[in-house]
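As structure tokens, the structure follows; a few thoughts come after it.
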Amino acid sequence: MAETVPHSDRLQEAARRLVERLFEGERPFGVKFWDGTYLPPSPGASARADVVLRRPEVLARLLDPPLDLALGEAYLEGSLDVEGDLEALLEALERHAARLSPRHWIGLLREVRGLRAGLRDLGLAARLRGRTHSKPRDRAAIRHHYDVSNAFYRLWLDRRMVYSCAYFPEGDEDLDAAQEKKLEHIARKLRLAPGERLLDIGAGWGGLVLFAAERYGVQAVGVTVAEQQVRYVRELVRRLGLEDRVEVRPEDYREVRGRFDKIASVGMAEHVGRENLPEYFRLAYANLEPGGLMLHHVITRGPVPSRFSGELASGEFLRRYVFPDGEILPLWTHLQAAEEAGFEVRDVEDWREHYAATLRYWVARLNERFDEAVREVGEPRARLWRLYMSVSAYQFAAGHLAVHQVLLAKPDERGRVELPRSRAWIYTP
């Protein structure tokens, strides 16, 4: 009578065969299985990471596209982990992605019929209702991401709590210095002057409005629909004694009415959506004084298309768990909508390398205080932020994403904008 192979051994063997078939040829990472066995990297490969499979059904999820959603959920749950350099692993996976044809997937199905099982719902996905980019739905989407916990964000952001791309002009700045230089760069581009009225659309935790009021003497109004941010900034304004210069309002960008000399929108337009971009710029134009300037800072599609197919990298994981209803659009869609609203484009900068550096700082700082983060928001949510920021750092570095700063002007009735003829003023103190 033939000896029966234990079920756990059959699962491990099926999983091993799946990994070997998925990565025929060079595999520059090792795989640790749930039973403690280890599949080393391919001979001669420069290994910088190990994939840890804590449950056998994780590999079955590979055959249930979209891959980013399946593996992202497994990572949040802890069934899948990565030890080492996550960005290096993503690079290796992307290099290999072109080989995974539909015929390849069909062959893999035969290897893993015994691995299928479900993963539990962790309750972290956004559950939005109503018409996409309506005011109530946008408010819910913003709160899903930003109203996590002020204390959580404080663990890994800079001292001013600036949650957008920092500026590393020399390359050796620490995060606090780089965010300070970013705020200064924005202030210089806008040519802020004492007594001017500044509107910050999507003010976050108040970094820009407080900086502009303290350093440049402006009257600053910040708007955000994230309730925790509003409470945080109002308390900070009170403690700093800036009630006469800084106001923060719980308003949607479509609700703002006023006259402003300068407008900033930093890392907010990703939430607007293609359909609403014309209204977004039209309202900003209406609120801006003739001759005024607007700084539009936004994540855009990068110059290098991803080699992952739509089945493997659908974006569904980020949409469901991180930025519900967020849209990353080509730069030209923003410029077209701005010009159609009446704006003149005066300056454009691409900061994608700066955002890769920013995200790596955030990930490192989160890892340093990961135990505190887990106590504050729970392990699945802390893992979610670590994963999304690591993946985003890779995407900016690889050119799949970019971030642009666009300086817009509203010419006066005679077509004038009071700016120097050279742009040296932006970069020369």
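Every chain in the structure tokens has a letter given in the order shown (A, B, ...), and although residue numbers restart at 1 in each chain, ligands are simply numbered from 1 in the order shown.
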Quick one: residues within 10 Å of A:Lys182, only C-alpha atoms, excluding same-chain residues fewer than 6 positions away - as a PDB file with C-alpha atoms, in the first residue's frame?
ATOM      1  CA  VAL A 162       3.110  68.336   5.766  1.00  0.00           C
ATOM      2  CA  SER A 164       2.790  66.095   0.362  1.00  0.00           C
ATOM      3  CA  CYS A 165       6.004  65.939  -1.637  1.00  0.00           C
ATOM      4  CA  ALA A 166       9.006  67.559   0.046  1.00  0.00           C
ATOM      5  CA  TYR A 167      11.738  69.478  -1.808  1.00  0.00           C
ATOM      6  CA  PHE A 168      15.360  68.257  -1.766  1.00  0.00           C
ATOM      7  CA  PRO A 169      17.282  70.809  -3.879  1.00  0.00           C
ATOM      8  CA  ASP A 176      12.066  68.570   8.251  1.00  0.00           C
ATOM      9  CA  ARG A 188       8.505  82.399  -3.445  1.00  0.00           C
ATOM     10  CA  LEU A 208       1.387  76.113   4.450  1.00  0.00           C
TER      11      LEU A 208
END
Neighbours of A:Val209 within 7 Å (only C-alpha atoms; same-chain residues fewer than 4 positions away dropped), as an MDAnalysis selection string?
chainID A and resid 200 213 220:222 246
For those residues, write N, CA, C and O atoms to a file as a JSON list (two decimals), in the first residue's frame.
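Output (result24.json):
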[["chain", "number", "residue", "atom", "x", "y", "z"],
["A", 200, "ASP", "N", -5.64, 78.39, 0.72],
["A", 200, "ASP", "CA", -5.02, 77.07, 0.56],
["A", 200, "ASP", "C", -6.14, 76.05, 0.45],
["A", 200, "ASP", "O", -6.84, 75.76, 1.42],
["A", 213, "ALA", "N", 1.63, 82.72, 7.08],
["A", 213, "ALA", "CA", 1.25, 83.79, 8.03],
["A", 213, "ALA", "C", 2.43, 84.21, 8.88],
["A", 213, "ALA", "O", 2.66, 85.42, 9.09],
["A", 220, "ALA", "N", -4.27, 84.22, 5.84],
["A", 220, "ALA", "CA", -4.40, 82.91, 5.21],
["A", 220, "ALA", "C", -5.71, 82.24, 5.59],
["A", 220, "ALA", "O", -6.10, 82.23, 6.77],
["A", 221, "VAL", "N", -6.36, 81.68, 4.59],
["A", 221, "VAL", "CA", -7.56, 80.88, 4.78],
["A", 221, "VAL", "C", -7.29, 79.49, 4.22],
["A", 221, "VAL", "O", -6.91, 79.34, 3.05],
["A", 222, "GLY", "N", -7.47, 78.47, 5.05],
["A", 222, "GLY", "CA", -7.32, 77.10, 4.60],
["A", 222, "GLY", "C", -8.64, 76.37, 4.65],
["A", 222, "GLY", "O", -9.42, 76.57, 5.58],
["A", 246, "VAL", "N", -4.88, 83.60, 10.57],
["A", 246, "VAL", "CA", -5.14, 82.29, 9.97],
["A", 246, "VAL", "C", -6.54, 81.82, 10.32],
["A", 246, "VAL", "O", -6.94, 81.83, 11.48]]
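Pairwise distance (atom CA of A:Pro41, atom CA of A:Glu20) equals 10.5 Å.
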Apply DSSP to the structure's backbone, then extract all residues of stretch 195-414 of chain A labelled helix (DSSP H, G or I) and return them as a PyMOL selection string.
chain A and resi 207-216+227-240+253-255+269-271+274-287+316-322+331-341+352-368+370-377+379-398
Measuring between only C-alpha atoms, which one of A:Phe281, A:Tyr75, A:Phe343, A:Tyr232 shows the shortest distance to A:Ser149?
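For A:Ser149, the nearest of the candidates is A:Tyr232.
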Skipping near chain neighbours, those fewer than 4 positions away, what residues fall within 8 Å of A:Glu344 using only C-alpha atoms, listed as a PDB file with C-alpha atoms, in the first residue's frame?
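As written to disk, selection_7.pdb reads:
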ATOM      1  CA  ALA A 338      -6.718  75.579 -16.311  1.00  0.00           C
ATOM      2  CA  GLU A 339      -6.298  77.387 -19.631  1.00  0.00           C
ATOM      3  CA  LEU A 408      -0.807  79.795 -13.017  1.00  0.00           C
ATOM      4  CA  ALA A 409      -1.643  83.465 -13.470  1.00  0.00           C
ATOM      5  CA  LYS A 410      -4.913  85.356 -13.919  1.00  0.00           C
ATOM      6  CA  PRO A 411      -4.077  88.292 -16.201  1.00  0.00           C
TER       7      PRO A 411
END
Would you mind listing what lies within 8 Å of A:Glu349 as number ranges by chain, with only C-alpha atoms counted and same-chain residues fewer than 5 positions away left out?
A: 404-406
Atoms to include: N, CA and C atoms. Write the selected residues as a PDB file, in the first residue's frame.
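Final output, again-v4.pdb:
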ATOM      1  N   HIS A 404       3.734  67.307 -10.408  1.00  0.00           N
ATOM      2  CA  HIS A 404       4.057  68.578 -11.053  1.00  0.00           C
ATOM      3  C   HIS A 404       3.577  69.759 -10.217  1.00  0.00           C
ATOM      4  N   GLN A 405       4.402  70.792 -10.199  1.00  0.00           N
ATOM      5  CA  GLN A 405       4.009  72.093  -9.670  1.00  0.00           C
ATOM      6  C   GLN A 405       3.817  73.027 -10.860  1.00  0.00           C
ATOM      7  N   VAL A 406       2.626  73.586 -10.952  1.00  0.00           N
ATOM      8  CA  VAL A 406       2.295  74.480 -12.054  1.00  0.00           C
ATOM      9  C   VAL A 406       1.948  75.845 -11.475  1.00  0.00           C
TER      10      VAL A 406
END
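For the set A:Glu83, A:Asp347, A:Glu255, A:Glu289, the residue with the smallest atom-to-atom gap to A:Lys189 is A:Asp347, counting only C-alpha atoms.
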What lies within 8 Å of A:Met294 using only C-alpha atoms, ignoring chain neighbours under 4 positions off, as a PDB file with N, CA and C atoms, in the first residue's frame?
ATOM      1  N   LEU A 190       4.684  82.040  -5.416  1.00  0.00           N
ATOM      2  CA  LEU A 190       3.477  82.857  -5.315  1.00  0.00           C
ATOM      3  C   LEU A 190       3.777  84.328  -5.036  1.00  0.00           C
ATOM      4  N   LYS A 262      -3.710  85.321  -3.800  1.00  0.00           N
ATOM      5  CA  LYS A 262      -2.951  84.140  -4.184  1.00  0.00           C
ATOM      6  C   LYS A 262      -3.727  82.895  -3.739  1.00  0.00           C
ATOM      7  N   ILE A 263      -3.574  81.814  -4.506  1.00  0.00           N
ATOM      8  CA  ILE A 263      -4.213  80.533  -4.185  1.00  0.00           C
ATOM      9  C   ILE A 263      -3.179  79.429  -4.301  1.00  0.00           C
ATOM     10  N   ALA A 264      -3.215  78.488  -3.364  1.00  0.00           N
ATOM     11  CA  ALA A 264      -2.389  77.289  -3.433  1.00  0.00           C
ATOM     12  C   ALA A 264      -3.294  76.063  -3.334  1.00  0.00           C
ATOM     13  N   SER A 265      -2.941  75.041  -4.085  1.00  0.00           N
ATOM     14  CA  SER A 265      -3.616  73.742  -4.004  1.00  0.00           C
ATOM     15  C   SER A 265      -2.531  72.687  -4.108  1.00  0.00           C
ATOM     16  N   LEU A 407       2.635  76.875 -11.940  1.00  0.00           N
ATOM     17  CA  LEU A 407       2.324  78.247 -11.534  1.00  0.00           C
ATOM     18  C   LEU A 407       1.407  78.860 -12.584  1.00  0.00           C
ATOM     19  N   LEU A 408       0.209  79.231 -12.139  1.00  0.00           N
ATOM     20  CA  LEU A 408      -0.807  79.795 -13.017  1.00  0.00           C
ATOM     21  C   LEU A 408      -1.015  81.265 -12.679  1.00  0.00           C
ATOM     22  N   ALA A 409      -1.377  82.035 -13.677  1.00  0.00           N
ATOM     23  CA  ALA A 409      -1.643  83.465 -13.470  1.00  0.00           C
ATOM     24  C   ALA A 409      -3.006  83.823 -14.050  1.00  0.00           C
TER      25      ALA A 409
END
Identify which of the residues A:Glu413, A:Glu196, A:Glu235, A:Glu372 lies closest to A:Arg154, counting only C-alpha atoms when measuring atom-to-atom distances.
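Among the listed residues, A:Glu372 lies closest to A:Arg154.
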Would you mind telling me which residue in A:Ile426, A:Ile186, A:Ala337, A:Ala398 lies nearest to A:Leu90 when using only C-alpha atoms?
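Once distances to A:Leu90 are computed over only C-alpha atoms, the minimum belongs to A:Ala398.
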